[in-house]
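Trainee: Quick one, data-v5.txt (compact mmCIF, C-alpha atoms and all ligand atoms):
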# COMPACT_ATOMS: atom_id res chain seq x y z
CA MET A 19 78.99 91.02 140.72
CA PRO A 20 75.78 91.62 142.66
CA ARG A 21 75.33 95.12 144.07
CA VAL A 22 73.88 95.81 147.51
CA LEU A 23 72.78 99.14 148.91
CA LEU A 24 73.72 99.28 152.57
CA LEU A 25 71.84 101.85 154.65
CA ILE A 26 74.17 102.71 157.45
CA PRO A 27 73.65 105.61 159.87
CA THR A 28 76.80 107.56 160.71
CA THR A 29 76.30 106.53 164.35
CA SER A 30 76.49 102.83 163.39
CA TYR A 31 79.16 100.52 164.74
CA LYS A 32 78.74 98.00 161.96
CA ALA A 33 80.42 99.54 158.90
CA THR A 34 83.69 97.62 159.20
CA ASP A 35 82.02 94.25 159.61
CA PHE A 36 79.64 94.74 156.69
CA ILE A 37 82.39 96.01 154.42
CA ALA A 38 84.59 93.04 155.31
CA ALA A 39 81.68 90.68 154.64
CA ALA A 40 80.99 92.24 151.24
CA GLU A 41 84.64 91.97 150.26
CA LYS A 42 84.75 88.32 151.22
CA LEU A 43 81.62 87.60 149.22
CA ASN A 44 82.70 89.64 146.20
CA ILE A 45 79.73 91.94 146.45
CA ASP A 46 79.68 95.52 145.23
CA LEU A 47 78.63 97.51 148.25
CA VAL A 48 77.07 100.94 147.93
CA VAL A 49 77.21 102.68 151.29
CA ALA A 50 74.36 105.08 151.92
CA SER A 51 74.76 107.17 155.01
CA ASP A 52 72.85 110.03 156.57
CA GLN A 53 75.81 112.39 156.50
CA ARG A 54 77.85 113.34 153.51
CA GLN A 55 80.92 111.20 153.10
CA THR A 56 84.18 112.86 152.12
CA LEU A 57 84.93 110.58 149.20
CA GLU A 58 81.46 110.65 147.68
CA ASP A 59 82.49 112.62 144.59
CA VAL A 60 85.44 110.34 143.98
CA PHE A 61 83.34 107.15 144.19
CA PRO A 62 79.87 108.10 142.92
CA ASP A 63 79.02 104.43 142.35
CA ARG A 64 79.96 103.48 145.91
CA MET A 65 78.60 106.21 148.16
CA LEU A 66 75.35 108.03 148.64
CA THR A 67 74.01 110.49 151.15
CA LEU A 68 70.38 110.02 152.16
CA ASP A 69 68.29 111.84 154.71
CA PHE A 70 66.88 108.71 156.37
CA LEU A 71 63.95 110.70 157.73
CA ASP A 72 62.96 112.15 154.37
CA ARG A 73 61.78 108.90 152.92
CA LYS A 74 60.34 110.27 149.73
CA ALA A 75 63.52 112.11 148.76
CA SER A 76 65.61 109.07 149.68
CA VAL A 77 63.53 106.75 147.52
CA ASN A 78 63.78 109.13 144.56
CA ARG A 79 67.49 109.48 145.02
CA VAL A 80 67.99 105.71 145.07
CA ILE A 81 65.73 105.14 142.07
CA ALA A 82 67.86 107.58 140.07
CA PHE A 83 71.03 105.94 141.35
CA ALA A 84 69.78 102.46 140.46
CA LYS A 85 69.21 103.49 136.86
CA ALA A 86 72.95 103.97 136.50
CA TYR A 87 74.00 101.24 138.91
CA PRO A 88 71.35 98.53 139.23
CA LEU A 89 70.80 97.23 142.75
CA ASP A 90 70.12 93.62 143.74
CA ALA A 91 69.25 94.15 147.41
CA VAL A 92 68.89 96.81 150.08
CA VAL A 93 70.05 96.12 153.64
CA ALA A 94 69.75 98.34 156.71
CA THR A 95 72.41 97.78 159.35
CA ASP A 96 70.63 99.53 162.20
CA GLU A 97 67.26 100.40 163.67
CA GLU A 98 67.13 103.92 162.16
CA ALA A 99 66.97 102.73 158.57
CA VAL A 100 65.03 99.43 158.60
CA THR A 101 61.75 100.96 157.45
CA LEU A 102 63.46 103.01 154.77
CA ALA A 103 65.15 99.82 153.50
CA ALA A 104 61.75 98.15 153.10
CA ILE A 105 60.30 101.21 151.35
CA ILE A 106 63.24 101.50 148.94
CA SER A 107 63.12 97.76 148.20
CA SER A 108 59.44 98.05 147.46
CA ALA A 109 60.05 100.95 145.06
CA LEU A 110 62.79 98.99 143.27
CA GLY A 111 60.71 95.82 143.07
CA LEU A 112 63.09 93.91 145.33
CA SER A 113 61.82 91.45 147.95
CA HIS A 114 61.33 92.92 151.41
CA ASN A 115 59.42 92.65 154.66
CA PRO A 116 55.96 94.24 154.70
CA ILE A 117 56.51 97.93 155.41
CA GLU A 118 53.87 98.01 158.21
CA SER A 119 55.61 95.09 159.91
CA VAL A 120 58.99 96.75 159.94
CA GLN A 121 57.38 99.98 161.06
CA ALA A 122 55.77 98.16 163.98
CA THR A 123 59.16 97.00 165.22
CA GLN A 124 60.12 100.66 165.50
CA ASN A 125 57.16 101.63 167.62
CA LYS A 126 57.07 99.88 170.99
CA TYR A 127 53.39 100.62 171.53
CA GLN A 128 52.34 99.27 168.15
CA LEU A 129 54.49 96.21 168.74
CA ARG A 130 52.77 95.53 172.09
CA GLN A 131 49.35 95.89 170.50
CA MET A 132 50.17 93.46 167.69
CA LEU A 133 51.63 90.90 170.06
CA THR A 134 48.77 91.19 172.55
CA GLN A 135 46.23 90.78 169.78
CA ALA A 136 47.96 87.61 168.61
CA GLN A 137 48.11 86.37 172.22
CA VAL A 138 51.88 86.35 172.31
CA PRO A 139 52.89 86.95 175.95
CA THR A 140 54.20 90.51 176.28
CA PRO A 141 53.96 93.27 178.91
CA LYS A 142 50.68 95.15 179.26
CA ALA A 143 51.18 98.64 177.93
CA ASP A 144 49.48 102.05 178.01
CA LEU A 145 50.49 105.07 176.02
CA PHE A 146 50.49 108.55 177.54
CA SER A 147 51.21 112.00 176.22
CA ILE A 148 54.10 114.01 177.64
CA THR A 149 51.49 116.67 178.39
CA ASP A 150 49.55 114.30 180.70
CA VAL A 151 49.81 114.95 184.41
CA PRO A 152 52.02 112.23 185.88
CA GLU A 153 50.70 112.78 189.44
CA SER A 154 47.28 111.48 188.53
CA ILE A 155 48.41 108.67 186.19
CA ALA A 156 50.83 107.47 188.86
CA LEU A 157 48.01 106.73 191.28
CA ARG A 158 46.24 104.43 188.82
CA MET A 159 49.21 102.11 188.18
CA THR A 160 49.83 98.61 189.46
CA TYR A 161 53.51 98.58 190.42
CA PRO A 162 56.22 97.89 189.42
CA VAL A 163 56.04 99.42 185.94
CA VAL A 164 58.56 100.35 183.25
CA LEU A 165 58.37 103.72 181.52
CA LYS A 166 60.02 104.26 178.15
CA PRO A 167 60.06 106.23 174.91
CA ILE A 168 58.42 104.29 172.08
CA HIS A 169 61.10 104.80 169.45
CA LEU A 170 64.56 104.74 171.01
CA SER A 171 66.95 101.83 171.50
CA ALA A 172 69.86 100.63 173.65
CA SER A 173 67.72 101.10 176.79
CA CYS A 174 67.82 104.86 176.39
CA GLY A 175 65.11 106.37 178.59
CA VAL A 176 63.92 103.00 179.93
CA ILE A 177 63.19 103.38 183.67
CA ARG A 178 61.51 101.16 186.27
CA ALA A 179 59.22 102.72 188.85
CA ASN A 180 58.07 100.93 192.01
CA ASN A 181 55.68 103.56 193.35
CA PRO A 182 53.94 106.81 192.42
CA ASN A 183 56.88 108.99 193.46
CA GLU A 184 59.31 107.05 191.30
CA PHE A 185 56.74 107.15 188.51
CA GLN A 186 56.61 110.92 188.51
CA ALA A 187 60.38 111.23 188.64
CA ALA A 188 60.78 108.77 185.76
CA PHE A 189 58.09 110.51 183.71
CA ASP A 190 59.79 113.88 184.11
CA ARG A 191 63.21 112.44 183.36
CA ILE A 192 62.00 110.82 180.13
CA LYS A 193 60.32 114.09 179.12
CA LYS A 194 63.72 115.76 179.32
CA ILE A 195 65.33 113.01 177.23
CA LEU A 196 62.59 113.38 174.63
CA ALA A 197 63.22 117.12 174.41
CA ASP A 198 66.85 116.56 173.39
CA ARG A 199 67.51 117.85 169.88
CA GLU A 200 69.08 114.64 168.60
CA VAL A 201 66.21 112.58 170.00
CA LEU A 202 63.61 114.93 168.51
CA HIS A 203 65.34 114.50 165.19
CA ARG A 204 64.55 110.78 165.32
CA GLY A 205 60.81 111.43 165.36
CA LYS A 206 58.91 114.45 166.57
CA GLU A 207 55.61 112.67 166.96
CA ALA A 208 57.06 109.70 168.81
CA ALA A 209 58.78 112.14 171.18
CA GLN A 210 55.35 113.36 172.36
CA THR A 211 54.56 110.05 174.06
CA ILE A 212 55.68 107.86 176.95
CA LEU A 213 54.86 104.18 177.15
CA VAL A 214 54.13 102.58 180.52
CA GLU A 215 54.38 98.81 180.79
CA SER A 216 53.90 96.18 183.45
CA PHE A 217 57.30 95.06 184.76
CA ILE A 218 58.00 91.45 183.79
CA PRO A 219 60.22 89.79 186.40
CA GLY A 220 62.60 87.02 185.37
CA VAL A 221 65.79 86.24 183.52
CA GLU A 222 66.47 87.76 180.14
CA VAL A 223 67.80 86.39 176.87
CA ALA A 224 68.44 87.71 173.40
CA LEU A 225 67.66 85.56 170.39
CA GLU A 226 69.44 86.17 167.11
CA GLY A 227 67.53 84.69 164.24
CA LEU A 228 67.20 84.60 160.50
CA LEU A 229 63.77 84.64 158.89
CA GLN A 230 63.52 82.91 155.55
CA ASN A 231 60.14 83.13 153.94
CA GLY A 232 58.44 83.45 157.32
CA THR A 233 60.30 80.61 159.01
CA LEU A 234 62.59 81.53 161.85
CA SER A 235 65.95 79.81 162.30
CA THR A 236 67.58 80.46 165.63
CA LEU A 237 71.21 81.42 165.12
CA ALA A 238 71.98 81.89 168.82
CA ILE A 239 70.34 82.40 172.18
CA PHE A 240 72.37 84.64 174.47
CA ASP A 241 71.91 84.53 178.24
CA LYS A 242 72.25 87.87 179.99
CA PRO A 243 73.83 86.69 183.25
CA ASP A 244 73.75 90.09 184.97
CA PRO A 245 70.29 90.70 186.43
CA LEU A 246 68.30 93.38 184.63
CA ASP A 247 65.94 94.58 187.34
CA GLY A 248 66.25 98.34 186.99
CA PRO A 249 65.84 101.14 187.72
CA PHE A 250 67.90 101.40 184.50
CA PHE A 251 68.63 98.54 182.16
CA GLU A 252 72.23 98.72 181.07
CA GLU A 253 73.14 95.80 178.86
CA THR A 254 76.38 94.16 179.93
CA LEU A 255 76.99 90.45 179.43
CA TYR A 256 75.79 88.34 176.52
CA VAL A 257 76.89 84.69 176.60
CA THR A 258 75.98 81.89 174.22
CA PRO A 259 75.05 79.01 174.19
CA SER A 260 72.29 79.56 176.71
CA ARG A 261 72.47 77.62 179.95
CA LEU A 262 68.69 77.51 180.23
CA PRO A 263 67.05 74.07 180.04
CA GLU A 264 66.41 72.71 176.54
CA THR A 265 62.63 72.96 177.07
CA THR A 266 62.88 76.65 178.01
CA GLN A 267 65.02 77.33 174.95
CA LYS A 268 62.42 75.61 172.78
CA ALA A 269 59.71 77.78 174.33
CA ILE A 270 61.82 80.89 173.65
CA GLN A 271 62.19 79.92 169.99
CA GLN A 272 58.52 79.12 169.56
CA THR A 273 57.43 82.35 171.21
CA THR A 274 59.81 84.35 169.01
CA GLN A 275 58.55 82.61 165.88
CA LYS A 276 54.97 83.41 166.94
CA ALA A 277 55.94 87.01 167.55
CA CYS A 278 57.51 87.37 164.08
CA HIS A 279 54.39 85.86 162.58
CA ALA A 280 52.14 88.21 164.56
CA ILE A 281 54.16 91.22 163.42
CA GLY A 282 54.26 89.97 159.85
CA LEU A 283 58.05 89.85 159.51
CA ARG A 284 59.11 87.29 156.91
CA ASP A 285 62.70 87.77 155.88
CA GLY A 286 66.08 88.83 157.15
CA PRO A 287 67.82 89.01 160.50
CA ILE A 288 65.95 89.58 163.74
CA HIS A 289 67.12 90.45 167.22
CA ALA A 290 64.58 89.54 169.89
CA GLU A 291 64.64 90.06 173.63
CA LEU A 292 62.58 87.94 175.98
CA ARG A 293 62.18 87.62 179.73
CA ILE A 294 61.37 84.24 181.22
CA ASN A 295 59.64 83.45 184.50
CA GLU A 296 57.31 80.76 185.89
CA HIS A 297 54.68 81.80 183.33
CA GLY A 298 57.05 81.17 180.42
CA PRO A 299 58.72 83.58 177.96
CA PHE A 300 57.48 87.15 177.43
CA VAL A 301 58.52 89.10 174.35
CA ILE A 302 60.09 92.43 175.28
CA GLU A 303 61.18 93.35 171.81
CA VAL A 304 61.65 92.13 168.24
CA ALA A 305 63.87 94.21 165.98
CA ALA A 306 64.16 93.64 162.22
CA ARG A 307 67.94 93.84 162.19
CA SER A 308 70.99 92.00 163.43
CA ILE A 309 72.36 92.32 166.98
CA GLY A 310 73.47 95.81 168.08
CA GLY A 311 76.92 97.37 168.39
CA ILE A 312 79.67 95.03 167.28
CA CYS A 313 78.28 92.13 169.33
CA SER A 314 77.91 90.01 166.18
CA ARG A 315 81.65 89.39 166.42
CA THR A 316 80.79 86.70 168.97
CA LEU A 317 79.15 84.68 166.22
CA ARG A 318 80.65 82.52 163.48
CA PHE A 319 78.75 79.97 161.48
CA GLY A 320 79.63 76.87 159.48
CA LEU A 321 83.22 77.14 158.29
CA GLY A 322 83.60 80.61 159.74
CA ILE A 323 81.12 82.94 158.08
CA SER A 324 80.08 86.07 159.94
CA LEU A 325 76.55 87.22 160.69
CA GLU A 326 77.04 90.09 158.24
CA GLU A 327 78.01 87.66 155.47
CA MET A 328 74.91 85.65 156.26
CA VAL A 329 72.70 88.76 156.15
CA LEU A 330 74.14 89.79 152.77
CA GLN A 331 73.81 86.26 151.37
CA HIS A 332 70.23 86.07 152.50
CA ALA A 333 69.41 89.46 151.00
CA LEU A 334 70.87 88.36 147.67
CA LYS A 335 69.22 84.93 147.86
CA ILE A 336 72.64 83.27 147.76
CA PRO A 337 72.39 79.83 149.41
CA ILE A 338 73.79 79.90 152.94
CA ALA A 339 76.08 76.95 153.57
CA SER A 340 75.20 76.56 157.24
CA LEU A 341 73.14 78.33 159.88
CA GLN A 342 74.93 76.33 162.56
CA ARG A 343 76.87 78.41 165.06
CA GLN A 344 80.42 77.20 165.61
CA ASN A 345 80.83 75.02 168.66
CA MET A 346 82.77 77.18 171.10
CA ALA A 347 80.98 79.11 173.80
CA SER A 348 81.27 82.81 173.17
CA GLY A 349 80.34 86.09 174.74
CA VAL A 350 80.65 89.82 174.89
CA MET A 351 80.53 92.41 177.62
CA MET A 352 79.16 95.78 176.69
CA ILE A 353 81.33 97.72 179.09
CA PRO A 354 79.18 99.50 181.68
CA ILE A 355 79.58 103.26 181.92
CA PRO A 356 80.85 103.89 185.46
CA LYS A 357 79.88 107.57 185.66
CA ALA A 358 79.15 110.68 183.67
CA GLY A 359 81.98 112.90 182.53
CA VAL A 360 84.80 113.11 180.06
CA LEU A 361 86.93 110.07 179.34
CA VAL A 362 90.53 110.91 180.16
CA ASP A 363 92.16 107.53 179.93
CA VAL A 364 91.60 103.79 179.93
CA GLN A 365 94.16 101.62 181.65
CA GLY A 366 94.60 97.88 181.90
CA ILE A 367 93.67 96.99 178.34
CA GLY A 368 96.81 94.89 177.97
CA ALA A 369 96.11 93.05 181.22
CA ALA A 370 92.48 92.48 180.21
CA LYS A 371 93.58 91.07 176.85
CA GLY A 372 95.96 88.76 178.71
CA ILE A 373 93.15 86.93 180.53
CA ALA A 374 92.70 83.41 179.18
CA GLY A 375 89.83 83.28 176.75
CA ILE A 376 89.75 86.97 175.95
CA GLU A 377 89.65 87.61 172.21
CA GLY A 378 89.58 91.35 172.16
CA VAL A 379 88.95 94.60 173.99
CA VAL A 380 87.59 97.46 171.91
CA ILE A 381 87.11 100.92 173.39
CA MET A 382 84.64 102.91 171.33
CA ILE A 383 84.65 106.28 173.03
CA ARG A 384 87.77 108.25 172.29
CA ARG A 385 89.78 110.10 174.91
CA LYS A 386 88.43 113.56 175.71
CA GLN A 387 84.93 112.54 174.59
CA LYS A 388 81.92 112.59 176.87
CA VAL A 389 80.59 109.45 178.50
CA VAL A 390 76.94 109.46 179.51
CA PRO A 391 75.41 106.67 181.61
CA LEU A 392 71.82 105.46 181.26
CA PRO A 393 69.07 106.39 181.09
CA GLU A 394 70.27 109.40 179.07
CA GLY A 395 73.28 107.75 177.38
CA ARG A 396 73.10 106.42 173.87
CA ARG A 397 76.63 105.29 173.09
CA TYR A 398 78.68 102.25 173.98
CA LEU A 399 81.86 102.72 175.99
CA GLY A 400 83.34 99.57 174.53
CA PHE A 401 83.24 95.81 174.19
CA ILE A 402 85.14 92.82 175.58
CA PHE A 403 85.00 89.55 173.65
CA ALA A 404 85.70 86.05 174.93
CA LYS A 405 85.57 82.45 173.79
CA GLY A 406 85.83 79.22 175.72
CA GLU A 407 84.78 75.62 176.06
CA ARG A 408 81.80 76.42 178.25
CA PRO A 409 79.61 79.49 178.80
CA GLU A 410 80.63 79.61 182.49
CA GLU A 411 84.27 80.07 181.46
CA VAL A 412 83.37 82.78 179.00
CA GLU A 413 81.38 84.68 181.61
CA GLN A 414 84.23 84.38 184.09
CA ALA A 415 86.81 85.58 181.55
CA LEU A 416 84.70 88.61 180.67
CA ARG A 417 84.27 89.52 184.33
CA LEU A 418 87.98 89.11 185.07
CA ALA A 419 88.96 91.16 182.03
CA HIS A 420 86.53 93.89 183.02
CA GLU A 421 88.05 94.04 186.52
CA LYS A 422 91.43 94.82 184.94
CA LEU A 423 90.11 97.90 183.18
CA ARG A 424 90.37 101.30 184.85
CA PHE A 425 88.45 104.20 183.44
CA GLU A 426 89.62 107.66 184.32
CA ILE A 427 86.63 109.95 183.91
CA THR A 428 86.55 113.57 185.03
CA SER A 429 83.27 115.23 185.85
CA SER A 430 82.20 117.39 182.93
CA ASN A 431 82.54 121.19 183.08
P1 LIG B 1 65.33 99.35 173.92
O1 LIG B 1 64.73 99.25 172.58
O2 LIG B 1 65.83 100.70 174.25
O3 LIG B 1 66.37 98.28 174.12
P2 LIG B 1 63.51 97.79 175.53
O4 LIG B 1 62.05 97.95 175.52
O5 LIG B 1 64.07 96.62 174.84
O6 LIG B 1 64.15 99.13 174.96
O7 LIG B 1 64.00 97.81 177.03
C1 LIG B 1 65.36 97.71 177.40
C2 LIG B 1 65.53 96.75 178.56
O8 LIG B 1 64.72 97.19 179.67
C3 LIG B 1 65.06 95.34 178.27
O9 LIG B 1 66.07 94.58 177.66
C4 LIG B 1 64.71 94.85 179.66
O10 LIG B 1 65.86 94.45 180.37
C5 LIG B 1 64.15 96.08 180.33
N1 LIG B 1 62.68 96.14 180.17
C6 LIG B 1 62.02 96.87 179.26
N2 LIG B 1 60.69 96.70 179.39
C7 LIG B 1 60.50 95.85 180.41
C8 LIG B 1 59.34 95.29 181.05
N3 LIG B 1 58.11 95.61 180.65
N4 LIG B 1 59.53 94.44 182.08
C9 LIG B 1 60.78 94.14 182.49
N5 LIG B 1 61.89 94.65 181.96
C10 LIG B 1 61.77 95.49 180.92
CA CA B 2 65.87 96.19 173.49
The structure given in the file should be rewritten as structure tokens.
Mentor:
Amino acid sequence: MPRVLLLIPTTSYKATDFIAAAEKLNIDLVVASDQRQTLEDVFPDRMLTLDFLDRKASVNRVIAFAKAYPLDAVVATDEEAVTLAAIISSALGLSHNPIESVQATQNKYQLRQMLTQAQVPTPKADLFSITDVPESIALRMTYPVVLKPIHLSASCGVIRANNPNEFQAAFDRIKKILADREVLHRGKEAAQTILVESFIPGVEVALEGLLQNGTLSTLAIFDKPDPLDGPFFEETLYVTPSRLPETTQKAIQQTTQKACHAIGLRDGPIHAELRINEHGPFVIEVAARSIGGICSRTLRFGLGISLEEMVLQHALKIPIASLQRQNMASGVMMIPIPKAGVLVDVQGIGAAKGIAGIEGVVIMIRRKQKVVPLPEGRRYLGFIFAKGERPEEVEQALRLAHEKLRFEITSSN
């Protein structure tokens, strides 16, 4: 049986889906997480604790582990561990993306520079220090702009500003987010900077792809039917197949392929986000991982394989029967966070599940836990899944199901 090391942060939503995929494929999965797991002593061949930020120690730990339990591939489920996965693979002599390429996907400024240099359309970007004086920078900008941290994800700290006043407010707000202990833990140096980009108007899509030896196969293009115009950019609806014209979809694929090439990514899953307007597609982001949260549950390929199965097969160089997404239209709503506070109760789940086309409603935040909206929030409230004949029906079902849900949230303190 092949053995795969799965790097999975404790904050990940993807454990269940990867474990199910490994079971189906008869793969020995070793789960490496950044917090000690209770059963680690009982299953020393199955569990590891790694400090994802201490790369050297992690590599040494895995090398020692692999002497006893040889590894055939290393896969990172989430953003936090993609670079470490490449570094560990390199140390073990396993195939991997170039380390600098993966690193670039984790630094929004570096990514912009690489794309701009390769003439891939992407926002203009300038990097500032948190110690810069926003009052004076604000006067030099051509508005609207988007301010953001360079190393976070899920739209955390991403804020649009339309004028100098909004710029200053956004700058100060991001500074506070960057001072948060958990955020600092994800990179002290990165937390000293704020990226300012030109705002790209237009519609937005996400492209899920698989790179095989540098060639990108598009697994799905998701439309994001709710406008994302700011000031914050909460992700809500993802619906596939895209309703954009065939020619636009082609342009999206070509631009994404060019972007991967420019970054130097060659293998494994990618999640790209693009905005499209009269000038064509602009690359907002390319991540060297599969789609976030549990959104991959919208996707099934060939005779029913999951994205996680595909990722594991690719990592192990097992032939993949089909990259073709199954025919039904499909979608997910990342449930918007209505307000800040403590979640007391969620009502209407049964009614939401009863809407035609709804496949599931999953609430991620437990009762009595805090809910934090953007731009500070970093956790999903939950997900609604739907399938249908056409994308319009899927979108409608998701909206109707969402209307049935009632969130009781009390103000904190
Ligand atoms: P994250 O990694 O946190 O998802 P992104 O850079 O992808 O950060 O930004 C999140 C969202 O904010 C994007 O999906 C998009 O909707 C919006 N956004 C970010 N940058 C821009 C930009 N330069 N122009 C227009 N919209 C943007
Ligand atoms: Ca993004």
Trainee: Is there a way to get, as a compact mmCIF listing (two decimals) with C-alpha atoms, keeping the file's coordinate frame, all residues within 12 Å of the point (82.1, 104.3, 146.7) in file coordinates, counting all atoms listed in the file?
Mentor:
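Below is the file result-v2.txt, written as the result:
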# COMPACT_ATOMS: atom_id res chain seq x y z
CA ARG A 21 75.33 95.12 144.07
CA VAL A 22 73.88 95.81 147.51
CA LEU A 23 72.78 99.14 148.91
CA LEU A 24 73.72 99.28 152.57
CA ILE A 37 82.39 96.01 154.42
CA ASP A 46 79.68 95.52 145.23
CA LEU A 47 78.63 97.51 148.25
CA VAL A 48 77.07 100.94 147.93
CA VAL A 49 77.21 102.68 151.29
CA ALA A 50 74.36 105.08 151.92
CA SER A 51 74.76 107.17 155.01
CA GLN A 55 80.92 111.20 153.10
CA THR A 56 84.18 112.86 152.12
CA LEU A 57 84.93 110.58 149.20
CA GLU A 58 81.46 110.65 147.68
CA ASP A 59 82.49 112.62 144.59
CA VAL A 60 85.44 110.34 143.98
CA PHE A 61 83.34 107.15 144.19
CA PRO A 62 79.87 108.10 142.92
CA ASP A 63 79.02 104.43 142.35
CA ARG A 64 79.96 103.48 145.91
CA MET A 65 78.60 106.21 148.16
CA LEU A 66 75.35 108.03 148.64
CA THR A 67 74.01 110.49 151.15
CA TYR A 87 74.00 101.24 138.91
Trainee: Could I get the residue neighbourhood of ligand LIG 1 (chain B) at 6 Å, counting all atoms listed in the file, as a PyMOL selection string?
Mentor: chain A and resi 141+164+170-174+176+215-219+246+251+302-303
Trainee: Please provide as a PDB file with C-alpha atoms, keeping the file's coordinate frame all residues within 12 Å of Glu327 (chain A), with the sequence filter that same-chain residues fewer than 6 positions apart are discarded (counting only C-alpha atoms).
Mentor:
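File selection_36.pdb, as written:
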ATOM      1  CA  ASP A  35      82.020  94.250 159.610  1.00  0.00           C
ATOM      2  CA  PHE A  36      79.640  94.740 156.690  1.00  0.00           C
ATOM      3  CA  ILE A  37      82.390  96.010 154.420  1.00  0.00           C
ATOM      4  CA  ALA A  38      84.590  93.040 155.310  1.00  0.00           C
ATOM      5  CA  ALA A  39      81.680  90.680 154.640  1.00  0.00           C
ATOM      6  CA  ALA A  40      80.990  92.240 151.240  1.00  0.00           C
ATOM      7  CA  GLU A  41      84.640  91.970 150.260  1.00  0.00           C
ATOM      8  CA  LYS A  42      84.750  88.320 151.220  1.00  0.00           C
ATOM      9  CA  LEU A  43      81.620  87.600 149.220  1.00  0.00           C
ATOM     10  CA  ASN A  44      82.700  89.640 146.200  1.00  0.00           C
ATOM     11  CA  ILE A  45      79.730  91.940 146.450  1.00  0.00           C
ATOM     12  CA  VAL A  93      70.050  96.120 153.640  1.00  0.00           C
ATOM     13  CA  PRO A 287      67.820  89.010 160.500  1.00  0.00           C
ATOM     14  CA  SER A 308      70.990  92.000 163.430  1.00  0.00           C
ATOM     15  CA  SER A 314      77.910  90.010 166.180  1.00  0.00           C
ATOM     16  CA  ARG A 315      81.650  89.390 166.420  1.00  0.00           C
ATOM     17  CA  LEU A 317      79.150  84.680 166.220  1.00  0.00           C
ATOM     18  CA  ARG A 318      80.650  82.520 163.480  1.00  0.00           C
ATOM     19  CA  PHE A 319      78.750  79.970 161.480  1.00  0.00           C
ATOM     20  CA  GLY A 320      79.630  76.870 159.480  1.00  0.00           C
ATOM     21  CA  ALA A 333      69.410  89.460 151.000  1.00  0.00           C
ATOM     22  CA  LEU A 334      70.870  88.360 147.670  1.00  0.00           C
ATOM     23  CA  LYS A 335      69.220  84.930 147.860  1.00  0.00           C
ATOM     24  CA  ILE A 336      72.640  83.270 147.760  1.00  0.00           C
ATOM     25  CA  PRO A 337      72.390  79.830 149.410  1.00  0.00           C
ATOM     26  CA  ILE A 338      73.790  79.900 152.940  1.00  0.00           C
ATOM     27  CA  ALA A 339      76.080  76.950 153.570  1.00  0.00           C
ATOM     28  CA  SER A 340      75.200  76.560 157.240  1.00  0.00           C
ATOM     29  CA  LEU A 341      73.140  78.330 159.880  1.00  0.00           C
TER      30      LEU A 341
END
Trainee: Suppose you want the space between CA of Pro299 (chain A) and CA of Gly232 (chain A); what is it in Å?
Mentor: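 Those two atoms sit 20.6 Å apart.
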Trainee: I'd like the neighbourhood of region 417-419 of chain A as a list in words, where a residue qualifies if any of its atoms comes within 9 Å (using all atoms listed in the file), though same-chain residues fewer than 4 positions away should be ignored.
Mentor: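 The neighbour list is Leu255, Met351, Gly366, Ile367, Ala369, Ala370, Lys371, Gly372, Ile373, Ile376, Val379, Ile402, Val412, Glu413 and Leu423 of chain A.
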Trainee: Could you check how far CA of His297 (chain A) sits from CA of Asp285 (chain A), in Å to one decimal?
Mentor: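 Computing it gives 29.2 Å between the two atoms.
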Trainee: List as number ranges by chain: which residues have an atom within 10 Å of (82.1, 80.8, 180.2), counting all atoms listed in the file?
Mentor: A: 257-259, 346-349, 375, 404-417
Trainee: Could you check which of A:Glu426, A:Gly400, A:Glu394, A:Leu325 is closest to Glu200 (chain A), using all atoms listed in the file?
Mentor: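 For Glu200 (chain A), the nearest of the given residues is A:Glu394.
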Trainee: Quick one: distance from CA of Thr316 (chain A) to CA of Gly286 (chain A) in Å, one decimal?
Mentor: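 Distance between the two atoms: 19.0 Å.
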Trainee: Select, from A:Ser76, A:Gln230, A:Ser429, A:Ser119, the residue with the minimum atom-to-atom distance to Leu283 (chain A), counting all atoms listed in the file.
Mentor: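 Once distances to Leu283 (chain A) are computed over all atoms listed in the file, the minimum belongs to A:Ser119.
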Trainee: Compare A:Thr273, A:Asn345, A:Gln267, A:Gln131 by their minimum atom-to-atom distance to Phe240 (chain A), counting only C-alpha atoms, and give me the closest one.
Mentor: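 With only C-alpha atoms as the atom set, the closest residue is A:Gln267.
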Trainee: Restricting the calculation to only C-alpha atoms, which member of A:Pro152, A:Pro356, A:Met159, A:Val362 is positioned closest to Pro391 (chain A)?
Mentor: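 Looking only at the distances to Pro391 (chain A), the closest residue turns out to be A:Pro356.
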Trainee: Taking 3 positions as the minimum chain separation for residues in the same chain, which residues sit within 10 Å of Glu118 (chain A) when counting only C-alpha atoms? Answer as a PyMOL selection string.
Mentor: chain A and resi 101+104-105+115+121-124+281-283
Trainee: For Leu237 (chain A), which of A:Thr149, A:Pro263, A:Lys194, A:Gln342 is the closest residue, counting only C-alpha atoms?
Mentor: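 Among the listed residues, A:Gln342 lies closest to Leu237 (chain A).
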Trainee: Write out as a list in words each polymer residue whose atoms come within 9 Å of Thr233 (chain A), counting all atoms listed in the file; drop sequence neighbours fewer than 5 positions from it.
Mentor: Leu228, Gln275, Cys278, His279, Arg284 and Asp285 of chain A
Trainee: Point out the residue among A:Arg191, A:Lys142, A:Arg424, A:Lys268 with the least atom-to-atom distance to Gly368 (chain A), counting only C-alpha atoms.
Mentor: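 Closest candidate: A:Arg424.
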